[in-house]
Amino acid sequence: MNRELALQELTPAYAEALRLRDQGADHAAIAARLDLPVEAVPNLLELAQAKLDTLLVMPTVEAD
Amino acid sequence: MPSTASRSPWPLVGRHEELALIARELERPASCGVIIAGAPGVGKTRLRGEALARLRRDGWLIREVTATEAAATIPFGPLAPLLPEALSMSPLDVLRHSVRELRQERGNGRLVVSVDDAHLLDAASSALLHQLASTQTASLLLTARSGEALPDPIVGLRKEGAIGWIELQPLSRTEVEALLGQALDGHLDAGTRHELSRLSQGNALFLHELVEIGLGSGALAERDGVWRWDGDPVAAGGPLEAVQQRLRPLSAPQREAAEALALAEPLPLDVLERLVAPAVIRDLEAAAIITTTTVTERYRRRWQVRLAHPLYAEALRGGLTPLRRRELLGRLGDALEATPLGRGDDPSRLAMIRLEAGQPVHAESALAAARWMLGSGRFDTAEALARASADSGAGFPAEIALSRAMTGLRRPEEAQAVLEAARPVGAAQAAELALTSAQNLHYGLGRADRALEVISEALGCLPEDAAFELIVTRALFEFSAGRLGTAESLSIAVIESAGVPLAAQIGAIGVRGLALAFSGRPLQAVSVLDTGVELLHDSPELLATRSTLLTGRWMALWFAGRIPEAGRLAEEVHDRLVEASLEPLRGYWTGLVGWAALLSGKSRTARSWLEEGASICHRYMAGGGHVVALEGVLAQAASLRGDLLRAETALAAAHAAVAALPTELPWVDLCEAWVLWAQDETTRAAPAALRAAAGWREAGFSSMEAWALHDAARLGDLCGVERLALLAGRCEGDLIPALAAHVRALADADGPGLERISLDFERMGLTLLAAEAATEAAEAYRKAGMPNRARVPMLRSAALTADCEQSRSPIIARVSTRRALTDRELQVAQMASGGASSADIAARLGLSVRTVENHLQQAYSKLGVSSRAQLAVVLTTVPARAE
């Protein structure tokens with residue numbers, strides 16, 4: 001799965017956080033945009049990246 | 001079965017990364033613990049429970065409590081179960097004693113103190129937690145509701161960075177779907193998955209409640225191996241308790257605003273402010289019942305309001321009486337009409353609201369709404385809107401929309417009557433009338449010849465620039481009738497013309513691609529179609545009417561031997577159609593996902609998707625090529641699974657649908673071949689495949705002819721070997737030469753050749769064919785007295801077969817049986833199992849009846865059977881994992 005598709009598969013807050021980081025936004029800006037305490041941002045980014053990495057190596061999803 | 005999912009706890013899905021993060025946070029030097037924050041129902045408590053269970057397994061000492069509003073009124077109330085008898089102690093003593101006692105209890109081990117709903121802690125309890133954490137007596141694992149104020153000591157830990165903060169997010173769509181699949185232990189209809197995912201918005205609590213309601217009411221049930229929700233998810237079982245709890249405290253004006261949003265969200269803020277006072281809207285926002293976003297239009301910022309959760313809308317709509325609904329719609333219509341519409345506001349929404357409220361409708365708005373509904377397959381609503389539009393004076397375009405709705409509602413005669421009464425003005429309208437009429441004649445009434453006549457008559461009197469769309473439609477009809485050359489030349493003429501509208505251009509590329517793919521030129525097809533895919537990408541609104549292009553691409557990928565790509569394309573288009581609510585088309589593409597799975601040997605996966613796809617196609621079409629194709633593939637999939645009954649009913653449905661078509665399709669013969677094989681009619685199976693091959697040959701569908709000849713070979717008749725070699729020389733891509741080489745190697749019992757072919761098939765994603773070739777290779781080596789050489793292909797066959805979901809295979813079955821019998825015994829046994837008497841067999845093989853009986857007895861004895869009926873079963877139903 002390519003990165004853009006994988007981003008679309010993420011929960012919106014994760015996708016938004018990663019896009020903002022890619023654009024160079026700092027933690028305070030990400031926190032303000034997502035209406036979160038700034039202390040929540042490092043773990044949010046870590047989780048978002050981990051979930052993205054999982055999607056990037058995921059093979060085609062089987063139906064059952 | 002229905003209550004299984006509700007009785008047992010649901011599996012924890014999609015939280016692997018969070019659990020790993022919690023573990024890392026607790027191991028971090030100087031860490032005081034973790035706070036899991038999130039919205040109600042998002043799964044904080046469940047995640048905390050799982051994390052605690054893991055910590056317990058790792059040897060941590062666990063002390064856990066739940067804070068409540070009631071306990072929070074008493075100092076240390078929530079933590080009382082952890083504390084010493086504190087009646088006579090001052091708060092300071094309680095703190096000191098508690099820390100000391102917990103430290104003693106902990107000893108040299110590690111202690112975690114966990115509080116659910118920590119935002120409800122009183123000041124004293126949170127001070128104690130701070131003390132425990134800052135003295136490194138215990139690590140904390142807390143949950144808290146997002147947006148709620150936390151006690152100061154906990155905030156202090158957060159700000160110092162001493163405690164990690166995890167803002168728990170809802171599950172993603174993929175995670176919701178995985179959770180549903182595991183909780184229900186089966187395959188879910190894609191529409192149901194999408195709807196449950198949309199309604200729950202990844203909130204595990206809502207999802208669980210929805211599923212329980214569905215199971216309890218029977219609306220969510222497993223039918224033909226697929227879980228499906230029939231009807232309105234909320235109306236089925238009443239609103240969700242969790243949702244009702246949130247909505248119960250609303251005041252009358254707040255409820256009115258929320259109800260208006262439930263009927264027509266998102267609404268511009270200025271529209272909503274015409275219904276209720278701004279303060280009411282602000283209060284709703286503060287209570288998280290609504291959310292607001294801004295959109296910028298023409299350098300001006302506009303506010304839009306929507307409900308915070310789709311389930312609020314469902315619950316609010318469910319609570320409206322008909323008169324209340326009508327009154328609210330009327331007021332909403334007035335408010336919308338009185339507010340200048342922004343670019344993002346759809347006028348068709350106003351038409352829908354007016355129509356439902358029984359008020360006069362603006363003709364153009366109703367027409368736009370009717371067209372949207374046609375694309376979404378909601379033909380009954382489209383009909384009402386088209387009639388309203390016609391009544392308001394929209395004239396000819398409304399009559400076209402009305403006739404299309406009637407065709408969709410399977411009333412083609414009425415549609416034709418509407419079209420015959422329509423009076424077009426100008427060339428463009430005349431072309432549209434001819435086009436709609438031809439399509440209704442072809443698809444609705446099954447009168448292909450008359451449809452072509454209508455197009456020819458129109459082309460004779462229309463200027464060129466109005467005719468492109470008609471030529472594309474004619475090219476498609478010619479393709480359907482098996483006249484590939486005509487279809488291709490017509491589409492090329494459009495592609496090469498100047499000034500062709502985009503839609504006609506994409507349509508022409510699609511037909512040309514289809515013709516190329518089926519006539520054995522899949523590589524050219526892919527190349528041509530890619531140009532159209534780019535155009536379609538830039539104009540996604542054309543997806544509804546120009547999906548032929550993508551169908552052509554799927555077929556071309558198949559015939560080029562690029563099966564995994566075909567599967568990915570089908571999934572991608574399917575998802576786009578779900579998002580766009582293009583339900584009728586989604587049926588076919590759901591089936592194509594299954595078809596690709598079947599090509600790769602996954603008959604169980606294939607069957608699930610095909611059941612769903614065929615069911616949607618039936619819902620929207622009386623017959624049609626899509627139904628023939630999908631029911632036929634379904635019959636094949638069911639045959640490979642040994643489900644004879646389902647294979648026969650699917651084949652019957654394909655036959656019924658093909659009878660309603662204006663042209664014959666050899667496809668049904670090919671599918672019948674596989675059903676005959678499953679029915680143990682082995683002597684009739686291969687001839688049916690050869691009949692299909694002859695039909696495709698006559699029509700010039702070289703790719704399909706080659707596929708059918710190869711299937712005949714798999715079913716036991718290798719007579720197509722020379723013809724396949726000829727086709728391989730003419731056709732592009734890797735697939736057809738590989739099919740020809742496979743049959744040649746089978747005929748020659750060429751072990752090394754079969755091994756090579758097996759590798760080729762595997763590379764193309766044709767796993768079952770790869771397994772079959774490997775099995776035959778092993779058999780060829782054995783027969784040639786080289787049992788050691790047979791080992792590698794035998795192992796490959798076993799490994800490949802294991803990837804095929806226990807699909808049955810005639811080749812693997814034959815080899816297993818053959819290994820036990822001599823050639824003559826097998827020949828006699830096959831004829832006997834096909835119903836021939838011993839005397840018939842003796843006469844056909846030039847043997848005495850006594851010799852035939854001896855061979856038959858030997859076969860009975862080796863196979864452990866005692867009758868011809870049992871013999872037939874053994875000869876054809878040996879499991880695929882015979883190795």
# chains A, B, ... in the order shown; residues from 1 in each chain; ligands from 1

$ select_by_dssp --residues "chain A" --states "alpha helix (DSSP H)" --output "ChimeraX atom specification"
/A:3-9,12-22,27-34,41-56

$ closest_atom_pairs --of "chain A" --to "chain B" --cutoff "7 Å" --atoms "only C-alpha atoms" --output "JSON lines"
{"residue": "A:Glu9", "atom": "CA", "partner": "B:Ser172", "partner_atom": "CA", "distance": 6.7}
{"residue": "A:Leu10", "atom": "CA", "partner": "B:Ser172", "partner_atom": "CA", "distance": 5.7}
{"residue": "A:Thr11", "atom": "CA", "partner": "B:Ser172", "partner_atom": "CA", "distance": 4.7}
{"residue": "A:Glu39", "atom": "CA", "partner": "B:Trp165", "partner_atom": "CA", "distance": 6.5}
{"residue": "A:Ala40", "atom": "CA", "partner": "B:Trp165", "partner_atom": "CA", "distance": 5.0}
{"residue": "A:Asn43", "atom": "CA", "partner": "B:Ile166", "partner_atom": "CA", "distance": 6.0}
{"residue": "A:Leu44", "atom": "CA", "partner": "B:Glu167", "partner_atom": "CA", "distance": 6.6}
{"residue": "A:Leu47", "atom": "CA", "partner": "B:Glu17", "partner_atom": "CA", "distance": 6.3}
{"residue": "A:Ala50", "atom": "CA", "partner": "B:Glu17", "partner_atom": "CA", "distance": 6.5}
{"residue": "A:Lys51", "atom": "CA", "partner": "B:Glu17", "partner_atom": "CA", "distance": 6.9}
{"residue": "A:Ala63", "atom": "CA", "partner": "B:Thr605", "partner_atom": "CA", "distance": 5.5}
{"residue": "A:Asp64", "atom": "CA", "partner": "B:His187", "partner_atom": "CA", "distance": 5.7}

$ write_last_selection --atoms "N, CA and C atoms" --output "PDB file, in the first residue's frame"
ATOM      1  N   GLU A   9      -6.350   5.547   5.176  1.00  0.00           N
ATOM      2  CA  GLU A   9      -6.909   4.471   6.007  1.00  0.00           C
ATOM      3  C   GLU A   9      -6.850   4.800   7.493  1.00  0.00           C
ATOM      4  N   LEU A  10      -6.014   5.762   7.855  1.00  0.00           N
ATOM      5  CA  LEU A  10      -5.860   6.084   9.280  1.00  0.00           C
ATOM      6  C   LEU A  10      -7.064   6.847   9.805  1.00  0.00           C
ATOM      7  N   THR A  11      -7.258   6.803  11.111  1.00  0.00           N
ATOM      8  CA  THR A  11      -8.239   7.656  11.776  1.00  0.00           C
ATOM      9  C   THR A  11      -7.861   9.118  11.477  1.00  0.00           C
ATOM     10  N   GLU A  39       1.072  18.135  25.483  1.00  0.00           N
ATOM     11  CA  GLU A  39       1.802  16.946  25.974  1.00  0.00           C
ATOM     12  C   GLU A  39       1.312  15.667  25.297  1.00  0.00           C
ATOM     13  N   ALA A  40       0.129  15.727  24.693  1.00  0.00           N
ATOM     14  CA  ALA A  40      -0.411  14.515  24.040  1.00  0.00           C
ATOM     15  C   ALA A  40       0.195  14.296  22.658  1.00  0.00           C
ATOM     16  N   ASN A  43       3.094  11.330  21.784  1.00  0.00           N
ATOM     17  CA  ASN A  43       2.555   9.972  21.705  1.00  0.00           C
ATOM     18  C   ASN A  43       1.566   9.818  20.554  1.00  0.00           C
ATOM     19  N   LEU A  44       0.826  10.877  20.259  1.00  0.00           N
ATOM     20  CA  LEU A  44      -0.111  10.817  19.129  1.00  0.00           C
ATOM     21  C   LEU A  44       0.660  10.560  17.832  1.00  0.00           C
ATOM     22  N   LEU A  47       2.036   6.967  17.796  1.00  0.00           N
ATOM     23  CA  LEU A  47       1.001   5.982  17.452  1.00  0.00           C
ATOM     24  C   LEU A  47       0.622   6.076  15.981  1.00  0.00           C
ATOM     25  N   ALA A  50       3.295   4.493  13.945  1.00  0.00           N
ATOM     26  CA  ALA A  50       3.293   3.032  14.093  1.00  0.00           C
ATOM     27  C   ALA A  50       2.157   2.418  13.286  1.00  0.00           C
ATOM     28  N   LYS A  51       0.988   3.053  13.335  1.00  0.00           N
ATOM     29  CA  LYS A  51      -0.155   2.509  12.591  1.00  0.00           C
ATOM     30  C   LYS A  51       0.068   2.649  11.081  1.00  0.00           C
ATOM     31  N   ALA A  63     -10.862 -11.284   2.307  1.00  0.00           N
ATOM     32  CA  ALA A  63     -12.259 -11.091   2.707  1.00  0.00           C
ATOM     33  C   ALA A  63     -12.623 -11.887   3.940  1.00  0.00           C
ATOM     34  N   ASP A  64     -11.949 -13.009   4.186  1.00  0.00           N
ATOM     35  CA  ASP A  64     -12.293 -13.744   5.402  1.00  0.00           C
ATOM     36  C   ASP A  64     -11.091 -14.430   5.986  1.00  0.00           C
TER      37      ASP A  64
END

$ residues_around --residues "Arg378 of chain B" --least-positions-apart "3" --cutoff "10 Å" --atoms "only C-alpha atoms" --output "list of chain:residue names"
B:Ala370, B:Arg371, B:Trp372, B:Met373, B:Leu374, B:Gly375, B:Thr381, B:Ala382, B:Glu383, B:Ala405, B:Gly408, B:Leu409, B:Ser581, B:Leu582, B:Glu583, B:Pro584, B:Tyr620

$ write_last_selection --atoms "N, CA and C atoms" --output "mmCIF file, in the first residue's frame"
data_model
loop_
_atom_site.group_PDB
_atom_site.id
_atom_site.type_symbol
_atom_site.label_atom_id
_atom_site.label_comp_id
_atom_site.auth_asym_id
_atom_site.auth_seq_id
_atom_site.Cartn_x
_atom_site.Cartn_y
_atom_site.Cartn_z
ATOM 1 N N ALA B 370 -32.908 14.569 -8.812
ATOM 2 C CA ALA B 370 -33.332 13.315 -9.460
ATOM 3 C C ALA B 370 -32.138 12.632 -10.130
ATOM 4 N N ARG B 371 -31.288 13.417 -10.769
ATOM 5 C CA ARG B 371 -30.114 12.831 -11.450
ATOM 6 C C ARG B 371 -29.161 12.196 -10.447
ATOM 7 N N TRP B 372 -28.991 12.865 -9.312
ATOM 8 C CA TRP B 372 -28.118 12.315 -8.272
ATOM 9 C C TRP B 372 -28.682 10.986 -7.767
ATOM 10 N N MET B 373 -29.996 10.956 -7.557
ATOM 11 C CA MET B 373 -30.636 9.737 -7.055
ATOM 12 C C MET B 373 -30.529 8.588 -8.071
ATOM 13 N N LEU B 374 -30.579 8.919 -9.356
ATOM 14 C CA LEU B 374 -30.433 7.882 -10.386
ATOM 15 C C LEU B 374 -29.074 7.198 -10.257
ATOM 16 N N GLY B 375 -28.038 8.017 -10.070
ATOM 17 C CA GLY B 375 -26.688 7.463 -9.937
ATOM 18 C C GLY B 375 -26.546 6.613 -8.692
ATOM 19 N N THR B 381 -37.072 7.386 -5.351
ATOM 20 C CA THR B 381 -36.953 8.810 -5.030
ATOM 21 C C THR B 381 -36.696 9.614 -6.304
ATOM 22 N N ALA B 382 -35.858 9.045 -7.188
ATOM 23 C CA ALA B 382 -35.570 9.728 -8.451
ATOM 24 C C ALA B 382 -36.860 9.939 -9.246
ATOM 25 N N GLU B 383 -37.731 8.933 -9.230
ATOM 26 C CA GLU B 383 -38.990 9.061 -9.966
ATOM 27 C C GLU B 383 -39.838 10.205 -9.385
ATOM 28 N N ALA B 405 -35.547 6.524 -14.436
ATOM 29 C CA ALA B 405 -35.984 5.981 -13.140
ATOM 30 C C ALA B 405 -36.884 4.773 -13.374
ATOM 31 N N GLY B 408 -34.932 1.801 -14.301
ATOM 32 C CA GLY B 408 -34.308 1.279 -13.082
ATOM 33 C C GLY B 408 -35.296 0.524 -12.216
ATOM 34 N N LEU B 409 -36.552 0.936 -12.254
ATOM 35 C CA LEU B 409 -37.590 0.281 -11.451
ATOM 36 C C LEU B 409 -38.221 -0.901 -12.193
ATOM 37 N N SER B 581 -21.738 6.091 -2.789
ATOM 38 C CA SER B 581 -23.104 5.535 -2.730
ATOM 39 C C SER B 581 -23.638 5.145 -4.102
ATOM 40 N N LEU B 582 -22.781 4.673 -4.979
ATOM 41 C CA LEU B 582 -23.239 4.226 -6.301
ATOM 42 C C LEU B 582 -23.553 2.727 -6.196
ATOM 43 N N GLU B 583 -24.688 2.460 -5.574
ATOM 44 C CA GLU B 583 -25.006 1.103 -5.152
ATOM 45 C C GLU B 583 -25.152 0.107 -6.317
ATOM 46 N N PRO B 584 -25.884 0.456 -7.379
ATOM 47 C CA PRO B 584 -26.043 -0.553 -8.434
ATOM 48 C C PRO B 584 -24.695 -1.005 -9.003
ATOM 49 N N TYR B 620 -31.005 -4.486 -8.151
ATOM 50 C CA TYR B 620 -31.149 -3.325 -9.035
ATOM 51 C C TYR B 620 -31.435 -3.647 -10.492
#

$ residues_around --residues "Leu157 of chain B" --least-positions-apart "4" --cutoff "9 Å" --atoms "only C-alpha atoms" --output "list in words"
Cys32, His130, Ala133, Ser134, Asp152, Pro153, Gly161, Ala162, Ile163 and Gly164 of chain B

$ closest_residue --among "B:Val627, B:Met406, B:Ala517, B:Leu332" --to "Pro268 of chain B" --atoms "only C-alpha atoms"
B:Leu332

$ residues_around --residues "Ala653 of chain B" --least-positions-apart "2" --cutoff "12 Å" --atoms "only C-alpha atoms" --output "NGL selection string"
:B and (614-615 or 617-618 or 622-635 or 646-651 or 655-660 or 668 or 671-672)

$ residues_around --residues "segment 428-437 of chain B" --least-positions-apart "5" --cutoff "9 Å" --atoms "only C-alpha atoms" --output "ChimeraX atom specification"
/B:396-397,400,403-404,415-416,419-420,422-423,442,451,454-455,457-459,462,465-467,469-470,473

$ atom_distance --atom1 "atom CA of Arg326 of chain B" --atom2 "atom CA of Ala357 of chain B"
5.0 Å

$ closest_residue --among "B:Met764, B:Phe559, B:Gly214, B:Leu661" --to "Gly446 of chain B" --atoms "only C-alpha atoms"
B:Leu661

$ closest_residue --among "B:Ala287, B:Leu83, B:Ala144, B:Leu640" --to "Thr45 of chain B" --atoms "only C-alpha atoms"
B:Ala144
